[in-house]
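Colleague: Following this message is one structure expressed as structure tokens.
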Amino acid sequence: MATLAEEYLTFDNSEGLIDAKLYDMIIDCFNKSYKAICDFYNFGELRKTSIVPAPDYDGVAATYSHEAKVIMSTKYYANHKLDADSLTHEWVHVAQNYDNYNPGWLTEGLADYGREKFGIYNKEAGWSLPKYNEKQNYTDAYRVTAAFLIWVEDNVCPNIAKTMNDKIKRGEYKDECWKELTGKTVEELWQMYADANKATA
Ligand SMILES: [Zn+2]
């Protein structure tokens, strides 16, 4: 039986631009997590996707969602040879496949939520969610928002991340969704998160 990567991922490393061990880790991540990512973010539909090593790209990695194409910076990964699960973050974007990546803080928070939930080598990469501090806000996106979403799920409303993903996907997201689903505005939820962390600090 073909692996998920054989069936759904095109990743040509014939020029050796990506470290061979990292390449294998990325394939392993894909095989272990891509189905779960698509179940969570794309109503179970597996999209064919590609990874293209990009020597001229100065960021880390980026997704062209409508083409289901991910580029990864050869410069960055030459120095971050264990950061395979940064691709897990990108595969969430592939699965999100939103018409509008809006609000951006939430779509990026959901991507790092997925990395936390479905990632395989986060520990090896030294990647983890941050603890709360007063300089943060829920609009910070990425890891800060991911940590907040997990707290909301554990303490207020289970499944909020998937519910919000599905709402953005259907074009039904609005700020009022937080109140409708949890009884609190997102600002009130953030304040609860802050207070809970201050209390235990
Ligand atoms: Zn992202």
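Note on naming: chains are A, B, ... as they come in the structure tokens, residues start from 1 per chain, ligands start from 1 in the order shown.
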With a distance cut-off of 10 Å and only C-alpha atoms, select the neighbouring residues of Gly114 (chain A), excluding the residue or stretch itself and same-chain residues fewer than 5 positions from it, and output the selection as a list of chain:residue names.
Modeller: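 Surrounding residues, per the criterion: A:Ser33, A:Ala36, A:Ile37, A:Phe40, A:Tyr41, A:Asp85, A:Thr88, A:His89, A:Glu90, A:Trp91, A:Val92, A:His93, A:Glu108, A:Gly109, A:Gly119, A:Ala146, A:Ala161.
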Colleague: If DSSP is run on the backbone, what residues of region 7-187 of chain A are helix (DSSP H, G or I)? A reply as a short mmCIF file (atom, residue, chain, number, x, y, z; two decimals) with C-alpha atoms, in the first residue's frame would be ideal.
Modeller:
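Output contents, as saved in out.cif:
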```cif
data_model
loop_
_atom_site.label_atom_id
_atom_site.label_comp_id
_atom_site.auth_asym_id
_atom_site.auth_seq_id
_atom_site.Cartn_x
_atom_site.Cartn_y
_atom_site.Cartn_z
CA GLU A 7 0.12 9.41 -2.70
CA TYR A 8 -0.35 13.04 -1.70
CA ALA A 20 18.77 14.23 3.76
CA LYS A 21 17.92 13.49 7.39
CA LEU A 22 15.58 16.48 7.59
CA TYR A 23 13.95 15.35 4.35
CA ASP A 24 13.24 11.96 5.92
CA MET A 25 11.84 13.61 9.06
CA ILE A 26 9.48 15.73 6.96
CA ILE A 27 8.25 12.67 5.07
CA ASP A 28 7.74 10.90 8.39
CA CYS A 29 5.75 13.86 9.76
CA PHE A 30 3.59 13.88 6.66
CA ASN A 31 2.85 10.17 6.87
CA LYS A 32 1.97 10.41 10.53
CA SER A 33 0.00 13.63 10.65
CA TYR A 34 -1.39 14.70 7.29
CA LYS A 35 -4.58 12.67 7.53
CA ALA A 36 -5.34 14.02 11.00
CA ILE A 37 -4.63 17.55 9.79
CA CYS A 38 -7.05 17.17 6.88
CA ASP A 39 -9.67 15.60 9.14
CA PHE A 40 -9.39 18.53 11.50
CA TYR A 41 -9.06 21.43 9.06
CA SER A 65 -2.92 27.68 -0.34
CA HIS A 66 -4.97 27.58 -3.51
CA GLU A 67 -2.17 25.73 -5.32
CA THR A 74 17.07 26.39 1.90
CA LYS A 75 19.00 29.04 3.86
CA TYR A 76 16.84 28.72 6.96
CA TYR A 77 16.72 24.93 6.95
CA ALA A 78 20.47 24.62 6.47
CA ASN A 79 20.69 25.99 10.01
CA SER A 86 7.42 23.88 10.70
CA LEU A 87 6.02 22.01 7.69
CA THR A 88 3.21 20.72 9.89
CA HIS A 89 2.25 24.38 10.40
CA GLU A 90 2.25 24.84 6.61
CA TRP A 91 0.18 21.70 6.00
CA VAL A 92 -2.45 23.19 8.26
CA HIS A 93 -2.57 26.14 5.86
CA VAL A 94 -2.90 23.72 2.95
CA ALA A 95 -5.81 22.01 4.71
CA GLN A 96 -7.41 25.29 5.79
CA GLY A 104 -4.90 36.58 10.36
CA TRP A 105 -4.13 36.23 14.08
CA LEU A 106 -6.62 33.38 14.32
CA THR A 107 -5.62 31.57 11.12
CA GLU A 108 -1.96 31.64 12.22
CA GLY A 109 -2.92 30.68 15.77
CA LEU A 110 -4.83 27.71 14.38
CA ALA A 111 -1.76 26.69 12.36
CA ASP A 112 0.46 26.60 15.46
CA TYR A 113 -2.35 24.89 17.37
CA GLY A 114 -2.10 22.19 14.70
CA ARG A 115 1.66 22.05 15.03
CA GLU A 116 1.28 21.56 18.79
CA LYS A 117 -1.43 18.95 18.39
CA PHE A 118 -0.15 16.97 15.39
CA TYR A 138 -4.53 37.06 21.69
CA THR A 139 -3.95 38.97 18.45
CA ASP A 140 -0.22 38.10 18.56
CA TYR A 142 1.16 31.96 16.11
CA ARG A 143 2.19 30.31 19.38
CA VAL A 144 0.62 32.88 21.70
CA THR A 145 -2.79 32.44 20.11
CA ALA A 146 -2.34 28.65 19.97
CA ALA A 147 -1.65 28.54 23.73
CA PHE A 148 -4.74 30.69 24.31
CA LEU A 149 -6.94 28.42 22.16
CA ILE A 150 -5.81 25.37 24.11
CA TRP A 151 -6.55 27.11 27.40
CA VAL A 152 -10.04 28.06 26.17
CA GLU A 153 -10.65 24.44 25.17
CA ASP A 154 -9.45 23.10 28.51
CA ASN A 155 -11.35 25.61 30.61
CA ILE A 160 -13.35 25.82 19.89
CA ALA A 161 -10.38 25.54 17.50
CA LYS A 162 -12.11 23.19 15.10
CA THR A 163 -15.36 25.11 15.35
CA MET A 164 -13.61 28.38 14.49
CA ASN A 165 -11.74 26.72 11.63
CA ASP A 166 -14.99 25.45 10.17
CA LYS A 167 -16.62 28.87 10.53
CA ILE A 168 -13.75 30.64 8.74
CA LYS A 169 -13.89 27.96 6.07
CA GLU A 176 -19.55 37.64 17.74
CA CYS A 177 -18.92 33.89 17.28
CA TRP A 178 -16.87 33.89 20.49
CA LYS A 179 -19.79 35.16 22.51
CA GLU A 180 -22.27 32.82 20.83
CA LEU A 181 -20.08 29.77 21.49
CA THR A 182 -18.63 30.56 24.90
CA VAL A 186 -12.71 37.10 22.90
CA GLU A 187 -11.44 40.04 24.98
#
```
Colleague: Looking only at the backbone, which of the residues in region 22-116 of chain A does DSSP tag as strand (DSSP E), as a PyMOL selection string?
Modeller: chain A and resi 49-54+61-64+69-73
Colleague: Take the residues just selected and output them with C-alpha atoms as a short mmCIF file (atom, residue, chain, number, x, y, z; two decimals), in the first residue's frame.
Modeller:
```
data_model
loop_
_atom_site.label_atom_id
_atom_site.label_comp_id
_atom_site.auth_asym_id
_atom_site.auth_seq_id
_atom_site.Cartn_x
_atom_site.Cartn_y
_atom_site.Cartn_z
CA THR A 49 0.34 19.08 -1.99
CA SER A 50 3.92 19.90 -2.85
CA ILE A 51 7.06 21.20 -1.17
CA VAL A 52 9.53 23.20 -3.21
CA PRO A 53 12.99 24.10 -1.80
CA ALA A 54 13.50 27.84 -2.37
CA ALA A 61 8.36 28.50 4.79
CA ALA A 62 5.21 29.74 3.12
CA THR A 63 2.09 28.23 1.63
CA TYR A 64 0.31 29.11 -1.57
CA LYS A 69 2.17 24.48 -2.65
CA VAL A 70 4.66 25.04 0.17
CA ILE A 71 8.02 26.67 -0.36
CA MET A 72 10.81 26.20 2.19
CA SER A 73 13.88 28.38 2.51
#
```
Colleague: Given only C-alpha atoms as the basis, pick out the residue of A:Gly171, A:Gly126, A:Thr3, A:Tyr132 nearest to Ala199 (chain A).
Modeller: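 Comparing A:Gly171, A:Gly126, A:Thr3, A:Tyr132 against Ala199 (chain A), the winner is A:Tyr132.
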